[in-house]
$ cat data-v5.txt   # compact mmCIF, C-alpha atoms and all ligand atoms
# COMPACT_ATOMS: atom_id res chain seq x y z
CA MET H 95 60.43 94.96 19.97
CA THR H 96 61.71 95.02 23.58
CA PRO H 97 60.09 92.57 26.05
CA ILE H 98 58.41 95.45 27.92
CA ASN H 99 56.94 96.80 24.70
CA ARG H 100 55.73 93.30 23.77
CA VAL H 101 53.69 93.30 26.98
CA LEU H 102 52.49 96.88 26.53
CA LYS H 103 51.72 96.79 22.81
CA GLU H 104 51.05 93.13 22.01
CA LYS H 105 49.59 92.23 25.43
CA ASN H 106 51.95 89.26 25.55
CA THR H 107 51.28 86.97 28.54
CA THR H 108 54.08 84.44 27.97
CA ILE H 109 56.95 86.65 29.16
CA ASN H 110 57.53 88.45 32.47
CA PRO H 111 59.88 91.37 31.90
CA ILE H 112 61.21 93.07 35.01
CA TRP H 113 62.53 96.48 36.02
CA ILE H 114 62.46 98.03 39.48
CA MET H 115 61.53 101.54 40.61
CA ARG H 116 64.64 103.30 41.97
CA GLN H 117 66.81 100.54 40.51
CA ALA H 118 69.47 103.24 40.12
CA GLY H 119 69.90 104.41 43.67
CA ARG H 120 71.20 104.22 47.18
CA TYR H 121 71.00 100.43 47.75
CA LEU H 122 73.96 100.12 45.32
CA PRO H 123 77.42 100.82 46.83
CA GLU H 124 78.66 102.07 43.44
CA PHE H 125 75.88 104.69 43.47
CA ARG H 126 76.74 105.76 47.03
CA ASP H 127 80.38 106.18 45.98
CA ILE H 128 79.39 108.65 43.26
CA ARG H 129 76.80 110.35 45.48
CA LYS H 130 79.37 110.94 48.26
CA LEU H 131 81.46 112.98 45.88
CA ASN H 132 78.45 114.81 44.41
CA THR H 133 76.52 116.36 47.26
CA ASP H 134 74.33 118.55 45.05
CA PHE H 135 71.64 116.16 43.80
CA ILE H 136 70.31 118.43 41.03
CA LYS H 137 73.82 119.00 39.70
CA LEU H 138 74.34 115.25 39.68
CA CYS H 139 71.17 114.75 37.63
CA LEU H 140 72.50 117.39 35.20
CA ASN H 141 75.88 115.71 34.83
CA THR H 142 75.26 113.76 31.62
CA LYS H 143 78.22 111.43 31.98
CA LEU H 144 77.48 110.51 35.61
CA ALA H 145 73.71 110.32 35.03
CA LYS H 146 74.38 107.84 32.24
CA GLU H 147 76.78 105.85 34.40
CA ILE H 148 74.33 105.68 37.33
CA THR H 149 71.48 104.70 35.01
CA LEU H 150 73.52 101.80 33.66
CA GLN H 151 74.86 100.59 37.05
CA PRO H 152 71.96 98.19 37.78
CA LEU H 153 72.10 96.83 34.21
CA LYS H 154 75.72 95.81 34.72
CA ARG H 155 74.74 93.69 37.71
CA PHE H 156 71.26 92.36 36.96
CA ASP H 157 69.32 90.97 33.99
CA LEU H 158 66.75 93.80 33.94
CA ASP H 159 64.58 94.64 30.92
CA ALA H 160 64.77 98.41 31.15
CA ALA H 161 66.95 101.34 32.05
CA ILE H 162 65.15 104.18 33.82
CA ILE H 163 66.96 107.42 33.43
CA PHE H 164 68.61 108.76 36.58
CA SER H 165 66.80 112.04 37.09
CA ASP H 166 63.95 113.25 39.29
CA ILE H 167 60.37 114.43 38.96
CA LEU H 168 61.47 117.66 40.69
CA MET H 169 63.69 118.62 37.75
CA LEU H 170 60.52 120.21 36.35
CA PRO H 171 60.07 122.85 39.08
CA TYR H 172 63.84 123.34 38.97
CA ALA H 173 63.70 124.08 35.23
CA LEU H 174 60.80 126.49 35.91
CA ASN H 175 63.12 128.48 38.18
CA GLN H 176 61.76 127.31 41.52
CA LYS H 177 64.65 126.47 43.83
CA VAL H 178 64.92 122.73 44.64
CA GLU H 179 67.28 121.29 47.24
CA PHE H 180 67.61 117.82 48.69
CA LYS H 181 68.46 117.79 52.35
CA LYS H 182 69.99 114.65 53.82
CA ASN H 183 67.56 112.61 55.95
CA PHE H 184 64.78 115.09 55.21
CA GLY H 185 64.03 115.06 51.48
CA PRO H 186 63.33 117.83 49.03
CA ILE H 187 62.92 121.48 50.02
CA LEU H 188 61.53 123.86 47.42
CA GLY H 189 61.94 127.63 47.36
CA GLU H 190 59.44 130.46 47.06
CA LEU H 191 57.06 130.14 44.17
CA ASP H 192 56.90 133.24 41.99
CA LEU H 193 54.05 132.80 39.51
CA ASP H 194 55.09 135.83 37.41
CA ASP H 195 58.58 134.42 37.09
CA ILE H 196 57.27 130.99 36.13
CA LEU H 197 54.86 132.50 33.60
CA ASN H 198 57.83 134.13 31.90
CA VAL H 199 59.74 130.89 31.30
CA ASN H 200 59.61 129.88 27.65
CA GLU H 201 60.28 126.50 26.07
CA ASP H 202 63.86 127.35 25.04
CA GLU H 203 64.82 128.50 28.53
CA PHE H 204 63.25 125.39 30.05
CA VAL H 205 65.14 123.06 27.70
CA GLN H 206 68.34 125.05 28.23
CA LYS H 207 68.14 124.24 31.94
CA ILE H 208 67.64 120.48 31.64
CA TYR H 209 69.00 119.37 28.27
CA PRO H 210 71.75 117.28 30.01
CA VAL H 211 68.93 114.91 31.04
CA TYR H 212 67.98 114.48 27.37
CA ASP H 213 71.63 113.94 26.40
CA ALA H 214 71.87 111.23 29.08
CA ILE H 215 68.76 109.49 27.70
CA ASN H 216 70.28 109.64 24.24
CA MET H 217 73.51 108.04 25.41
CA VAL H 218 71.74 105.39 27.49
CA SER H 219 69.37 104.38 24.70
CA ASN H 220 72.30 104.00 22.31
CA ASP H 221 74.48 102.03 24.71
CA ASN H 222 75.12 98.33 24.13
CA LEU H 223 73.83 97.57 27.63
CA THR H 224 70.30 98.60 26.61
CA LYS H 225 70.18 96.48 23.47
CA ASN H 226 66.75 94.80 23.32
CA LYS H 227 65.82 96.68 26.53
CA SER H 228 63.52 99.63 27.04
CA THR H 229 64.69 103.08 28.02
CA ILE H 230 62.06 104.49 30.32
CA GLY H 231 61.52 108.22 30.46
CA PHE H 232 59.35 109.61 33.25
CA VAL H 233 57.58 112.60 34.71
CA GLY H 234 55.69 113.39 37.88
CA ALA H 235 51.95 113.69 37.38
CA PRO H 236 50.53 117.24 37.48
CA TRP H 237 48.94 116.64 40.91
CA THR H 238 52.12 115.32 42.55
CA LEU H 239 54.17 118.21 41.12
CA LEU H 240 51.57 120.71 42.30
CA VAL H 241 51.90 119.15 45.76
CA TYR H 242 55.68 119.65 45.89
CA MET H 243 55.60 123.11 44.31
CA LEU H 244 52.96 124.46 46.70
CA ASN H 245 53.74 122.43 49.81
CA LYS H 246 57.48 123.03 49.27
CA GLN H 247 58.38 119.81 51.04
CA SER H 248 57.23 116.21 51.13
CA PRO H 249 53.58 115.87 52.17
CA LYS H 250 54.53 112.72 54.12
CA LEU H 251 53.24 114.37 57.28
CA GLY H 252 50.30 115.98 55.48
CA LEU H 253 49.61 118.99 53.28
CA LYS H 254 49.98 122.49 54.70
CA LYS H 255 46.71 123.86 56.09
CA ASP H 256 46.32 126.59 53.48
CA PHE H 257 47.19 124.29 50.55
CA PHE H 258 43.87 124.65 48.73
CA GLU H 259 43.30 128.30 49.69
CA ASP H 260 44.33 130.04 46.46
CA LYS H 261 42.26 128.22 43.83
CA SER H 262 43.16 130.67 41.10
CA LEU H 263 46.88 130.10 41.69
CA ILE H 264 46.31 126.33 41.62
CA LYS H 265 44.45 126.54 38.30
CA LYS H 266 47.17 128.65 36.69
CA LEU H 267 49.91 126.42 38.03
CA LEU H 268 48.27 123.24 36.75
CA ILE H 269 48.11 124.72 33.24
CA ILE H 270 51.81 125.66 33.33
CA ILE H 271 52.82 122.28 34.77
CA GLU H 272 50.89 120.44 32.07
CA LYS H 273 52.40 122.54 29.29
CA PHE H 274 55.97 121.91 30.41
CA LEU H 275 55.35 118.25 31.20
CA LYS H 276 54.43 117.78 27.55
CA ILE H 277 57.63 119.53 26.47
CA HIS H 278 59.61 117.36 28.90
CA ILE H 279 57.96 114.16 27.65
CA LYS H 280 58.45 115.08 23.99
CA ASN H 281 62.18 115.71 24.50
CA GLN H 282 62.67 112.44 26.37
CA ILE H 283 60.97 110.54 23.54
CA ASN H 284 62.93 112.40 20.86
CA ASN H 285 66.11 111.29 22.59
CA GLY H 286 65.27 107.60 22.77
CA ALA H 287 62.78 106.95 25.58
CA ASP H 288 60.50 104.16 24.28
CA VAL H 289 58.19 104.04 27.33
CA ILE H 290 56.95 106.87 29.56
CA GLN H 291 55.96 106.36 33.20
CA ILE H 292 53.86 108.97 35.00
CA PHE H 293 54.43 108.95 38.79
CA ASP H 294 51.50 110.24 40.84
CA SER H 295 53.02 109.41 44.21
CA TRP H 296 50.52 111.48 46.19
CA ALA H 297 47.31 110.44 44.39
CA GLY H 298 46.21 108.86 47.67
CA LEU H 299 45.94 112.23 49.41
CA LEU H 300 42.85 113.32 47.48
CA GLU H 301 39.21 112.74 48.27
CA LYS H 302 36.94 111.23 45.61
CA LYS H 303 35.26 114.55 44.82
CA ASP H 304 38.62 116.11 43.83
CA LEU H 305 39.90 113.32 41.59
CA SER H 306 38.51 114.68 38.29
CA GLU H 307 39.98 118.13 38.69
CA TYR H 308 43.42 117.22 40.00
CA ILE H 309 44.08 113.73 38.66
CA TYR H 310 41.77 112.41 35.94
CA ASP H 311 41.57 115.49 33.69
CA PRO H 312 45.23 116.58 33.74
CA THR H 313 46.57 113.00 33.58
CA LEU H 314 44.24 112.06 30.71
CA SER H 315 45.60 115.03 28.75
CA LEU H 316 49.17 113.79 29.29
CA VAL H 317 48.31 110.19 28.46
CA ASN H 318 46.66 111.26 25.21
CA PHE H 319 49.72 113.35 24.38
CA VAL H 320 52.11 110.39 24.88
CA LYS H 321 49.82 108.13 22.84
CA SER H 322 49.79 110.70 20.01
CA LEU H 323 53.58 110.23 19.84
CA ASN H 324 53.10 106.44 19.48
CA ILE H 325 54.86 105.63 22.74
CA PRO H 326 53.22 103.51 25.47
CA VAL H 327 52.53 105.13 28.83
CA ILE H 328 52.38 103.54 32.29
CA CYS H 329 50.59 105.33 35.12
CA PHE H 330 51.29 104.92 38.83
CA PRO H 331 48.57 106.71 40.79
CA ARG H 332 49.96 105.43 44.10
CA GLU H 333 47.39 104.58 46.79
CA ILE H 334 44.46 105.79 44.70
CA LYS H 335 41.37 104.12 46.11
CA ASN H 336 39.86 103.02 42.83
CA TYR H 337 42.39 101.77 40.27
CA LYS H 338 39.60 100.45 38.06
CA GLU H 339 37.92 103.82 37.74
CA PHE H 340 41.30 105.45 37.09
CA CYS H 341 41.99 102.99 34.23
CA GLU H 342 38.55 103.43 32.70
CA ILE H 343 38.84 107.22 32.63
CA VAL H 344 42.54 107.80 31.96
CA LYS H 345 43.15 104.70 29.78
CA PRO H 346 46.93 104.31 30.12
CA ASP H 347 48.68 101.42 28.34
CA ALA H 348 49.48 99.88 31.73
CA ILE H 349 48.83 100.52 35.39
CA ASN H 350 51.39 100.17 38.20
CA ILE H 351 49.79 99.05 41.45
CA ASP H 352 51.02 99.82 44.98
CA TYR H 353 51.72 97.19 47.63
CA ASN H 354 48.54 97.84 49.60
CA THR H 355 46.43 96.86 46.60
CA ASN H 356 45.06 93.33 46.38
CA PRO H 357 46.42 91.88 43.10
CA LYS H 358 43.60 89.32 42.88
CA ILE H 359 40.99 92.05 42.72
CA ILE H 360 43.07 93.90 40.12
CA VAL H 361 43.45 90.86 37.85
CA ASN H 362 39.71 90.23 37.95
CA ASN H 363 38.68 93.82 37.28
CA ILE H 364 41.30 95.48 35.12
CA LYS H 365 41.77 94.55 31.49
CA ILE H 366 44.94 96.52 30.62
CA PRO H 367 48.51 95.31 31.33
CA VAL H 368 49.58 95.56 34.97
CA GLN H 369 52.96 96.38 36.48
CA GLY H 370 54.38 96.02 39.98
CA GLY H 371 52.83 95.39 43.36
CA LEU H 372 55.36 93.52 45.52
CA ASP H 373 56.08 95.24 48.83
CA PRO H 374 59.68 96.58 48.80
CA LYS H 375 59.99 95.51 52.47
CA ILE H 376 59.88 91.86 51.32
CA LEU H 377 63.40 92.40 49.97
CA LEU H 378 64.51 93.00 53.57
CA THR H 379 63.39 89.52 54.73
CA ASP H 380 64.97 86.30 53.43
CA LYS H 381 65.19 84.43 50.14
CA GLU H 382 62.47 81.92 51.00
CA ILE H 383 59.90 84.60 51.75
CA LEU H 384 61.02 86.66 48.77
CA LYS H 385 60.57 83.74 46.40
CA LYS H 386 57.16 82.92 47.83
CA GLU H 387 55.88 86.50 47.63
CA ALA H 388 57.29 87.19 44.14
CA THR H 389 55.82 83.90 42.88
CA LYS H 390 52.46 84.92 44.29
CA TYR H 391 52.34 87.91 41.92
CA LEU H 392 53.61 85.83 38.99
CA ASP H 393 50.94 83.18 39.63
CA ILE H 394 48.12 85.69 39.93
CA PHE H 395 49.13 87.46 36.68
CA LYS H 396 50.02 84.22 34.84
CA ASP H 397 47.43 84.80 32.10
CA HIS H 398 47.49 88.60 32.20
CA PRO H 399 50.02 90.90 30.51
CA TYR H 400 52.33 91.68 33.44
CA ILE H 401 55.58 93.58 33.98
CA PHE H 402 57.28 92.66 37.24
CA ASN H 403 58.14 95.58 39.54
CA LEU H 404 57.59 96.63 43.16
CA GLY H 405 54.69 98.52 44.71
CA HIS H 406 57.02 101.49 45.38
CA GLY H 407 60.76 102.19 45.06
CA VAL H 408 63.42 99.75 46.25
CA LEU H 409 64.52 100.72 49.79
CA PRO H 410 68.07 102.07 50.36
CA GLU H 411 68.78 99.37 52.97
CA THR H 412 68.11 96.54 50.46
CA ASP H 413 70.90 93.97 50.03
CA PRO H 414 71.89 93.86 46.32
CA ASN H 415 72.07 90.03 46.67
CA MET H 416 68.37 89.95 47.49
CA PHE H 417 67.69 92.19 44.48
CA ASP H 418 69.68 89.74 42.34
CA TYR H 419 67.72 86.81 43.75
CA LEU H 420 64.44 88.55 42.92
CA VAL H 421 65.46 89.17 39.30
CA LYS H 422 66.54 85.53 38.94
CA THR H 423 63.34 84.26 40.52
CA VAL H 424 61.27 86.22 38.00
CA LYS H 425 63.45 85.19 35.04
CA ASN H 426 63.34 81.50 36.01
CA TYR H 427 59.60 81.41 36.62
O1 LIG J 501 70.96 109.91 47.18
C1 LIG J 501 69.87 110.41 47.42
O2 LIG J 501 69.55 110.85 48.51
C2 LIG J 501 68.93 110.54 46.31
C3 LIG J 501 67.70 109.72 46.41
C4 LIG J 501 66.94 109.93 45.13
C5 LIG J 501 67.06 109.19 43.95
C6 LIG J 501 67.95 107.99 43.70
C7 LIG J 501 66.01 110.98 44.87
C8 LIG J 501 65.62 112.06 45.78
N1 LIG J 501 65.57 110.83 43.57
C9 LIG J 501 66.18 109.75 42.98
C10 LIG J 501 66.02 109.32 41.60
C11 LIG J 501 64.66 109.13 41.07
N2 LIG J 501 63.51 109.74 41.52
C12 LIG J 501 64.32 108.33 39.97
C13 LIG J 501 65.40 107.67 39.12
C14 LIG J 501 65.44 106.47 38.54
C15 LIG J 501 65.16 105.16 39.25
O3 LIG J 501 64.00 104.90 39.58
O4 LIG J 501 66.08 104.37 39.32
C16 LIG J 501 62.92 108.39 39.82
C17 LIG J 501 62.07 107.68 38.82
C18 LIG J 501 62.44 109.31 40.79
C19 LIG J 501 61.03 109.71 40.90
C20 LIG J 501 60.58 110.45 42.09
N3 LIG J 501 61.22 111.45 42.77
C21 LIG J 501 59.31 110.30 42.68
C22 LIG J 501 58.24 109.36 42.18
C23 LIG J 501 58.41 107.98 42.68
C24 LIG J 501 58.30 107.81 44.18
O5 LIG J 501 59.32 107.52 44.78
O6 LIG J 501 57.18 107.96 44.70
C25 LIG J 501 59.22 111.19 43.77
C26 LIG J 501 58.05 111.37 44.72
C27 LIG J 501 60.43 111.92 43.81
C28 LIG J 501 60.80 112.99 44.77
C29 LIG J 501 61.98 112.61 45.55
N4 LIG J 501 63.25 112.65 45.05
C30 LIG J 501 64.14 112.19 45.99
C31 LIG J 501 63.38 111.83 47.14
C32 LIG J 501 63.97 111.31 48.41
C33 LIG J 501 62.03 112.05 46.83
C34 LIG J 501 60.83 111.69 47.70
C35 LIG J 501 60.62 112.65 48.80
C36 LIG J 501 59.33 112.42 49.56
O7 LIG J 501 59.27 111.45 50.34
O8 LIG J 501 58.41 113.21 49.38
$ encode --input "data-v5.txt" --output "structure tokens" --more "lines below"
Ligand code: 1CP
Amino acid sequence: MTPINRVLKEKNTTINPIWIMRQAGRYLPEFRDIRKLNTDFIKLCLNTKLAKEITLQPLKRFDLDAAIIFSDILMLPYALNQKVEFKKNFGPILGELDLDDILNVNEDEFVQKIYPVYDAINMVSNDNLTKNKSTIGFVGAPWTLLVYMLNKQSPKLGLKKDFFEDKSLIKKLLIIIEKFLKIHIKNQINNGADVIQIFDSWAGLLEKKDLSEYIYDPTLSLVNFVKSLNIPVICFPREIKNYKEFCEIVKPDAINIDYNTNPKIIVNNIKIPVQGGLDPKILLTDKEILKKEATKYLDIFKDHPYIFNLGHGVLPETDPNMFDYLVKTVKNY
């Protein structure tokens, strides 16, 4: 069993496996070299050979315990025929949403549009570099995908005013999103993903009264689906106010915490394995501070099943030497 699965399935507390969100990405010069030549981000994700190469780049440099497939949560709207573009220094821009068109997409057409992602997972999971390591498949949570598909751009500066106006559209969309997320998860697992992570990056935007409808119910359905396939599932409901309540209702195999969450309160209140937490900005300071802050998390979760990770993705301006130092600090703990 891989170290990450020993924590997730056996609740092992003697090892501290590590992987990092966005470990395949812009902080690596070898990624930027490929990206420069491949300006269309979606096309790059659909280039099996390059997606495999990018996925394996961090594993060639660092002693990480997982590969996470180079893809994006927005491949789902793309495969449902909504236009998705990534604009430099702005982020994603999505096209008009045509519900009739989306309702007409069937499973075969969906898979036909993104099968190169599954081929890349297959190649990564069979590569020597992932021996005794996990291959992590992932999806966006229904709420976060609904946000991008309806808001059509990052909600960093807030949701559009009329976001919640068409409740009937929202209900129909959530059903479609959930259906295709299950198809997407199943195909990733069939091609070698041995862990699934569900990213709910915008969970923090919702008020308490809306959590059941948009987060708990649809995420629980996905979590139960992954469990039925005998694969562990990690949830990251970023900035959700009550992680404990989320865990009690949704019951994932592990919970990823964000960097604004107090790890001491988590360790005292949450029974399931925990992942992540360290502020990615700490990697922009110096080695002394990095060691101190990483050790803080390792100390707090000393007797708790814990997978080391950050509280959000590694920042593009991170020095790969600091990344290396972090991995070594965790491995030598
Ligand atoms: O070169 C570039 O400009 C591309 C930057 C980039 C990368 C490296 C994007 C655009 N996506 C990715 C890959 C990616 N995205 C991975 C791959 C594997 C890895 O982690 O190494 C994963 C897991 C994601 C997931 C993802 N995409 C999330 C969830 C996690 C999170 O960051 O909160 C989200 C919200 C997205 C949307 C997205 N894709 C890209 C950007 C810049 C964004 C965020 C836009 C926003 O701020 O709303």
$ closest_residue --input "data-v5.txt" --among "H:Asp159, H:Glu104, H:Glu382, H:Glu339" --to "H:Pro367" --atoms "all atoms listed in the file"
H:Glu104
$ closest_residue --input "data-v5.txt" --among "H:Tyr121, H:Ile277, H:Asn284, H:Asp413" --to "H:Glu201" --atoms "only C-alpha atoms"
H:Ile277
$ closest_atom_pairs --input "data-v5.txt" --of "chain H" --to "ligand LIG 501 (chain J)" --cutoff "7 Å" --atoms "only C-alpha atoms and all ligand atoms" --output "CSV"
residue,atom,partner,partner_atom,distance
H:Met115,CA,J:LIG501,O3,4.3
H:Arg116,CA,J:LIG501,O3,2.9
H:Gln117,CA,J:LIG501,O4,4.1
H:Ala118,CA,J:LIG501,O4,3.7
H:Gly119,CA,J:LIG501,C6,4.1
H:Arg120,CA,J:LIG501,O1,5.7
H:Arg129,CA,J:LIG501,O1,6.1
H:Phe135,CA,J:LIG501,C2,6.7
H:Thr149,CA,J:LIG501,O4,6.9
H:Ile162,CA,J:LIG501,C14,5.3
H:Ile163,CA,J:LIG501,C14,5.4
H:Phe164,CA,J:LIG501,C13,4.2
H:Ser165,CA,J:LIG501,C13,5.0
H:Asp166,CA,J:LIG501,N2,4.2
H:Ile167,CA,J:LIG501,N3,4.9
H:Leu168,CA,J:LIG501,C28,6.2
H:Phe180,CA,J:LIG501,C8,6.8
H:Lys182,CA,J:LIG501,O2,6.5
H:Gly185,CA,J:LIG501,C32,4.8
H:Pro186,CA,J:LIG501,C35,5.9
H:Phe232,CA,J:LIG501,C17,6.5
H:Gly234,CA,J:LIG501,C22,6.4
H:Gln247,CA,J:LIG501,O8,6.8
H:Ser248,CA,J:LIG501,O8,3.7
H:Pro249,CA,J:LIG501,O8,6.2
H:Lys250,CA,J:LIG501,O8,6.1
H:Phe293,CA,J:LIG501,C22,5.1
H:Asp294,CA,J:LIG501,C22,6.9
H:Ser295,CA,J:LIG501,O6,4.4
H:His406,CA,J:LIG501,O5,6.5
H:Gly407,CA,J:LIG501,O5,5.5
$ residues_around --input "data-v5.txt" --residues "H:Lys105" --least-positions-apart "5" --cutoff "9 Å" --atoms "only C-alpha atoms" --output "PyMOL selection string"
chain H and resi 99-100+366-367+398-400
$ closest_residue --input "data-v5.txt" --among "H:Leu239, H:Asn226, H:Asp311, H:Asp127" --to "H:Leu174" --atoms "only C-alpha atoms"
H:Leu239
$ atom_distance --input "data-v5.txt" --atom1 "atom CA of H:Ile98" --atom2 "atom CA of H:Leu144"
25.5 Å
$ residues_around --input "data-v5.txt" --residues "stretch 322-326 of chain H" --least-positions-apart "3" --cutoff "6 Å" --atoms "only C-alpha atoms" --output "PyMOL selection string"
chain H and resi 289+319+347
$ atom_distance --input "data-v5.txt" --atom1 "atom CA of H:Glu259" --atom2 "atom CA of H:Asp304"
14.3 Å
$ atom_distance --input "data-v5.txt" --atom1 "atom CA of H:Leu409" --atom2 "atom CA of H:Gly371"
14.4 Å
$ closest_residue --input "data-v5.txt" --among "H:Val421, H:Ile208, H:Leu244, H:Val368" --to "H:Leu153" --atoms "only C-alpha atoms"
H:Val421
$ build_atoms --input "data-v5.txt" --residues "stretch 120-135 of chain H" --atoms "N, CA, C and O atoms" --output "PDB file, in the frame of the given file"
ATOM      1  N   ARG H 120      70.328 104.335  46.011  1.00  0.00           N
ATOM      2  CA  ARG H 120      71.200 104.220  47.180  1.00  0.00           C
ATOM      3  C   ARG H 120      71.484 102.821  47.696  1.00  0.00           C
ATOM      4  O   ARG H 120      72.387 102.631  48.504  1.00  0.00           O
ATOM      5  N   TYR H 121      70.692 101.794  47.268  1.00  0.00           N
ATOM      6  CA  TYR H 121      71.000 100.430  47.750  1.00  0.00           C
ATOM      7  C   TYR H 121      72.283  99.900  47.088  1.00  0.00           C
ATOM      8  O   TYR H 121      72.826  98.896  47.524  1.00  0.00           O
ATOM      9  N   LEU H 122      72.755 100.571  46.017  1.00  0.00           N
ATOM     10  CA  LEU H 122      73.960 100.120  45.320  1.00  0.00           C
ATOM     11  C   LEU H 122      75.192 100.882  45.831  1.00  0.00           C
ATOM     12  O   LEU H 122      75.229 102.112  45.763  1.00  0.00           O
ATOM     13  N   PRO H 123      76.207 100.133  46.333  1.00  0.00           N
ATOM     14  CA  PRO H 123      77.420 100.820  46.830  1.00  0.00           C
ATOM     15  C   PRO H 123      78.080 101.693  45.768  1.00  0.00           C
ATOM     16  O   PRO H 123      78.593 102.768  46.079  1.00  0.00           O
ATOM     17  N   GLU H 124      78.017 101.264  44.501  1.00  0.00           N
ATOM     18  CA  GLU H 124      78.660 102.070  43.440  1.00  0.00           C
ATOM     19  C   GLU H 124      77.915 103.389  43.222  1.00  0.00           C
ATOM     20  O   GLU H 124      78.510 104.377  42.787  1.00  0.00           O
ATOM     21  N   PHE H 125      76.597 103.408  43.520  1.00  0.00           N
ATOM     22  CA  PHE H 125      75.880 104.690  43.470  1.00  0.00           C
ATOM     23  C   PHE H 125      76.302 105.570  44.646  1.00  0.00           C
ATOM     24  O   PHE H 125      76.587 106.762  44.477  1.00  0.00           O
ATOM     25  N   ARG H 126      76.374 104.967  45.842  1.00  0.00           N
ATOM     26  CA  ARG H 126      76.740 105.760  47.030  1.00  0.00           C
ATOM     27  C   ARG H 126      78.133 106.374  46.874  1.00  0.00           C
ATOM     28  O   ARG H 126      78.378 107.492  47.316  1.00  0.00           O
ATOM     29  N   ASP H 127      79.034 105.643  46.207  1.00  0.00           N
ATOM     30  CA  ASP H 127      80.380 106.180  45.980  1.00  0.00           C
ATOM     31  C   ASP H 127      80.312 107.472  45.157  1.00  0.00           C
ATOM     32  O   ASP H 127      80.970 108.457  45.478  1.00  0.00           O
ATOM     33  N   ILE H 128      79.506 107.446  44.105  1.00  0.00           N
ATOM     34  CA  ILE H 128      79.390 108.650  43.260  1.00  0.00           C
ATOM     35  C   ILE H 128      78.674 109.763  44.019  1.00  0.00           C
ATOM     36  O   ILE H 128      79.066 110.917  43.992  1.00  0.00           O
ATOM     37  N   ARG H 129      77.627 109.366  44.763  1.00  0.00           N
ATOM     38  CA  ARG H 129      76.800 110.350  45.480  1.00  0.00           C
ATOM     39  C   ARG H 129      77.622 111.090  46.544  1.00  0.00           C
ATOM     40  O   ARG H 129      77.449 112.293  46.730  1.00  0.00           O
ATOM     41  N   LYS H 130      78.520 110.346  47.215  1.00  0.00           N
ATOM     42  CA  LYS H 130      79.370 110.940  48.260  1.00  0.00           C
ATOM     43  C   LYS H 130      80.172 112.112  47.711  1.00  0.00           C
ATOM     44  O   LYS H 130      80.350 113.125  48.369  1.00  0.00           O
ATOM     45  N   LEU H 131      80.622 111.946  46.498  1.00  0.00           N
ATOM     46  CA  LEU H 131      81.460 112.980  45.880  1.00  0.00           C
ATOM     47  C   LEU H 131      80.629 114.064  45.209  1.00  0.00           C
ATOM     48  O   LEU H 131      81.161 115.080  44.768  1.00  0.00           O
ATOM     49  N   ASN H 132      79.333 113.850  45.098  1.00  0.00           N
ATOM     50  CA  ASN H 132      78.450 114.810  44.410  1.00  0.00           C
ATOM     51  C   ASN H 132      77.279 115.162  45.309  1.00  0.00           C
ATOM     52  O   ASN H 132      76.198 114.604  45.196  1.00  0.00           O
ATOM     53  N   THR H 133      77.500 116.093  46.214  1.00  0.00           N
ATOM     54  CA  THR H 133      76.520 116.360  47.260  1.00  0.00           C
ATOM     55  C   THR H 133      75.303 117.125  46.739  1.00  0.00           C
ATOM     56  O   THR H 133      74.249 117.082  47.348  1.00  0.00           O
ATOM     57  N   ASP H 134      75.464 117.817  45.618  1.00  0.00           N
ATOM     58  CA  ASP H 134      74.330 118.550  45.050  1.00  0.00           C
ATOM     59  C   ASP H 134      73.568 117.628  44.094  1.00  0.00           C
ATOM     60  O   ASP H 134      74.039 117.335  42.985  1.00  0.00           O
ATOM     61  N   PHE H 135      72.390 117.176  44.546  1.00  0.00           N
ATOM     62  CA  PHE H 135      71.640 116.160  43.800  1.00  0.00           C
ATOM     63  C   PHE H 135      71.213 116.643  42.408  1.00  0.00           C
ATOM     64  O   PHE H 135      71.294 115.917  41.426  1.00  0.00           O
TER      65      PHE H 135
END
